[in-house]
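Reading through the structure tokens given below for one structure.
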Amino acid sequence: MDSSDLYRDVTDFAHSTPGWVRSLAEVWTAYGLLVFGLLFLLVWWRARTRGDAAMALAVLAPLATAVAYVVSEVVKATVREERPCRAVPGALAPLIPCPAPGDWSFPSNHSVIAGAAAVALALAVRRLALLTVPLALLMAFSRVFVGVHYPHDVAIGLLLGASVGVLVVLALTGPVRRIIGSMRTSGVRAAVLFTGPGPAPEG
């Protein structure tokens, strides 16, 4: 798979943009994943007063993302693709330092994490898809824009992350839901503090 020409096109475009656009891209590509971390916390907090299924999905969102990251690292170590900022002849210099040799390019960890987080959060709170999916796409694009990944790294990274995220959530929602129910009725203060009391009784 070779997307070197598209990589050059994107990085050439990046260098033609105003300085403030490049600066925003550099900040986003470095710290944008923290937005997903904040969303994990908000979804968990919201789920404390919801049913067991809602809390299970809230707990599984970061777990599924962590599993996707591990899978990504295994693939990286297997494929061992060199970064385009060293491998593509005639390409302009990246906007951020090129990762050290041995920090492989395929797939993009940032894209895998963003893809998994976007899907897992959307499964927990469906309307969040309107936010998380564009954020994941923006994260993936930023990795090419700043010059540290090929387009195919980020495209496959998004698909890999989203696929792993869905599989983990589907496989574990039932067991985790039962665990949440047990924790909420256990009377153990730490467990109830973590899971929340669930929905208030009706009537």
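If you're wondering about the labels, chains in the structure tokens are A, B, ... by order shown, residues count from 1 in each chain, ligands from 1 in order shown.
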
Name the residues in contact with range 61-78 of chain A at a cut-off of 6 Å, using only C-alpha atoms, excluding same-chain residues fewer than 3 positions from it; report them as an MDAnalysis selection string.
chainID A and resid 58 104 106 113 116:117 120:121 161 164:165 168

Output file for the selection above: all heavy atoms, as an mmCIF file, in the first residue's frame:
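This is the output file selection-v7.cif:
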data_model
loop_
_atom_site.group_PDB
_atom_site.id
_atom_site.type_symbol
_atom_site.label_atom_id
_atom_site.label_comp_id
_atom_site.auth_asym_id
_atom_site.auth_seq_id
_atom_site.Cartn_x
_atom_site.Cartn_y
_atom_site.Cartn_z
ATOM 1 N N ALA A 58 -20.450 3.056 29.756
ATOM 2 C CA ALA A 58 -19.539 4.136 30.149
ATOM 3 C C ALA A 58 -18.191 3.578 30.592
ATOM 4 O O ALA A 58 -17.130 4.147 30.289
ATOM 5 C CB ALA A 58 -20.166 4.953 31.273
ATOM 6 N N TRP A 104 7.298 3.037 14.766
ATOM 7 C CA TRP A 104 6.788 2.715 13.440
ATOM 8 C C TRP A 104 5.518 3.482 13.090
ATOM 9 O O TRP A 104 4.830 3.994 13.962
ATOM 10 C CB TRP A 104 6.563 1.211 13.321
ATOM 11 C CG TRP A 104 7.765 0.406 13.687
ATOM 12 C CD1 TRP A 104 7.925 -0.391 14.778
ATOM 13 C CD2 TRP A 104 9.019 0.347 12.988
ATOM 14 N NE1 TRP A 104 9.173 -0.949 14.803
ATOM 15 C CE2 TRP A 104 9.875 -0.506 13.715
ATOM 16 C CE3 TRP A 104 9.498 0.940 11.816
ATOM 17 C CZ2 TRP A 104 11.170 -0.801 13.306
ATOM 18 C CZ3 TRP A 104 10.797 0.653 11.408
ATOM 19 C CH2 TRP A 104 11.609 -0.205 12.143
ATOM 20 N N PHE A 106 2.762 2.439 10.837
ATOM 21 C CA PHE A 106 1.478 1.787 10.540
ATOM 22 C C PHE A 106 1.077 0.821 11.641
ATOM 23 O O PHE A 106 1.851 -0.062 11.993
ATOM 24 C CB PHE A 106 1.571 1.022 9.232
ATOM 25 C CG PHE A 106 0.297 0.301 8.857
ATOM 26 C CD1 PHE A 106 -0.692 0.962 8.139
ATOM 27 C CD2 PHE A 106 0.080 -1.013 9.233
ATOM 28 C CE1 PHE A 106 -1.869 0.302 7.792
ATOM 29 C CE2 PHE A 106 -1.089 -1.665 8.899
ATOM 30 C CZ PHE A 106 -2.064 -1.009 8.181
ATOM 31 N N ILE A 113 -6.803 5.122 18.517
ATOM 32 C CA ILE A 113 -7.409 5.558 19.776
ATOM 33 C C ILE A 113 -8.632 6.419 19.504
ATOM 34 O O ILE A 113 -9.693 6.234 20.122
ATOM 35 C CB ILE A 113 -6.372 6.326 20.622
ATOM 36 C CG1 ILE A 113 -5.284 5.368 21.109
ATOM 37 C CG2 ILE A 113 -7.036 7.039 21.801
ATOM 38 C CD1 ILE A 113 -4.089 6.059 21.735
ATOM 39 N N ALA A 116 -11.549 4.218 18.124
ATOM 40 C CA ALA A 116 -12.154 3.394 19.170
ATOM 41 C C ALA A 116 -12.957 4.239 20.144
ATOM 42 O O ALA A 116 -14.085 3.891 20.512
ATOM 43 C CB ALA A 116 -11.066 2.616 19.914
ATOM 44 N N ALA A 117 -12.374 5.354 20.565
ATOM 45 C CA ALA A 117 -13.059 6.221 21.525
ATOM 46 C C ALA A 117 -14.329 6.805 20.931
ATOM 47 O O ALA A 117 -15.372 6.866 21.595
ATOM 48 C CB ALA A 117 -12.126 7.344 21.973
ATOM 49 N N ALA A 120 -16.975 3.933 20.773
ATOM 50 C CA ALA A 120 -17.384 3.469 22.102
ATOM 51 C C ALA A 120 -18.205 4.533 22.830
ATOM 52 O O ALA A 120 -19.198 4.212 23.493
ATOM 53 C CB ALA A 120 -16.152 3.093 22.923
ATOM 54 N N LEU A 121 -17.818 5.788 22.702
ATOM 55 C CA LEU A 121 -18.595 6.867 23.319
ATOM 56 C C LEU A 121 -19.961 7.007 22.659
ATOM 57 O O LEU A 121 -20.965 7.257 23.332
ATOM 58 C CB LEU A 121 -17.825 8.184 23.227
ATOM 59 C CG LEU A 121 -16.644 8.329 24.185
ATOM 60 C CD1 LEU A 121 -15.739 9.477 23.752
ATOM 61 C CD2 LEU A 121 -17.126 8.545 25.620
ATOM 62 N N GLY A 161 -9.439 0.880 14.992
ATOM 63 C CA GLY A 161 -9.914 1.329 16.292
ATOM 64 C C GLY A 161 -11.412 1.170 16.444
ATOM 65 O O GLY A 161 -11.904 0.665 17.459
ATOM 66 N N VAL A 164 -12.332 -2.675 16.695
ATOM 67 C CA VAL A 164 -12.007 -3.246 18.010
ATOM 68 C C VAL A 164 -12.937 -2.677 19.077
ATOM 69 O O VAL A 164 -13.420 -3.404 19.952
ATOM 70 C CB VAL A 164 -10.534 -2.984 18.373
ATOM 71 C CG1 VAL A 164 -10.243 -3.415 19.812
ATOM 72 C CG2 VAL A 164 -9.611 -3.720 17.412
ATOM 73 N N GLY A 165 -13.198 -1.367 18.987
ATOM 74 C CA GLY A 165 -14.091 -0.744 19.961
ATOM 75 C C GLY A 165 -15.463 -1.395 19.973
ATOM 76 O O GLY A 165 -16.006 -1.728 21.034
ATOM 77 N N VAL A 168 -15.279 -5.125 21.386
ATOM 78 C CA VAL A 168 -15.097 -5.186 22.838
ATOM 79 C C VAL A 168 -16.390 -4.818 23.548
ATOM 80 O O VAL A 168 -16.810 -5.487 24.498
ATOM 81 C CB VAL A 168 -13.938 -4.265 23.288
ATOM 82 C CG1 VAL A 168 -13.902 -4.137 24.811
ATOM 83 C CG2 VAL A 168 -12.610 -4.804 22.778
#

Report the closest atom pair, with its distance in Å rounded to one decimal, for each residue of range 55-75 of chain A that has an atom no farther than 12 Å from range 180-202 of chain A; count only C-alpha atoms, sort by chain and then rising residue number, and write it as a Markdown table.
| residue | atom | partner | partner_atom | distance |
| --- | --- | --- | --- | --- |
| A:Met55 | CA | A:Thr195 | CA | 6.9 |
| A:Ala56 | CA | A:Ile180 | CA | 6.7 |
| A:Leu57 | CA | A:Ile180 | CA | 10.5 |
| A:Ala58 | CA | A:Thr195 | CA | 9.9 |
| A:Val59 | CA | A:Thr195 | CA | 9.1 |
| A:Leu60 | CA | A:Ile180 | CA | 11.4 |

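Omitting Phe145 in chain A and its sequence neighbours fewer than 5 positions away, and counting only C-alpha atoms, the residues within 6 Å are Val10, Thr11 and Ala14 of chain A.
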
Kindly save the residues from that selection, with N, CA and C atoms included, as a short mmCIF file (atom, residue, chain, number, x, y, z; two decimals), in the first residue's frame.
data_model
loop_
_atom_site.label_atom_id
_atom_site.label_comp_id
_atom_site.auth_asym_id
_atom_site.auth_seq_id
_atom_site.Cartn_x
_atom_site.Cartn_y
_atom_site.Cartn_z
N VAL A 10 -0.86 16.46 0.85
CA VAL A 10 -1.36 16.99 2.12
C VAL A 10 -0.31 17.83 2.81
N THR A 11 0.93 17.36 2.83
CA THR A 11 1.97 18.13 3.52
C THR A 11 2.32 19.40 2.76
N ALA A 14 -0.33 21.69 3.80
CA ALA A 14 -0.09 22.15 5.17
C ALA A 14 0.88 23.33 5.20
#

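Between CA of Leu130 in chain A and CA of Ala53 in chain A there is a distance of 21.5 Å.
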
Find the distance between CA of Phe36 in chain A and CA of Ala118 in chain A and write it in Å to one decimal.
7.7 Å

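Counting from CA of Pro151 in chain A, the distance to CA of Ser3 in chain A is 6.2 Å.
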
I'd like the neighbourhood of range 92-99 of chain A as number ranges by chain, where a residue qualifies if any of its atoms comes within 12 Å (using only C-alpha atoms), though same-chain residues fewer than 6 positions away should be ignored.
A: 7-17, 19, 21-30, 82-86, 105, 142-150

Enumerate, as a ChimeraX atom specification, the complete set of residues in chain A that a backbone-based DSSP assignment places in alpha helix (DSSP H).
/A:4-16,19-31,33-47,52-79,84-87,109-124,129-145,151-184,189-195
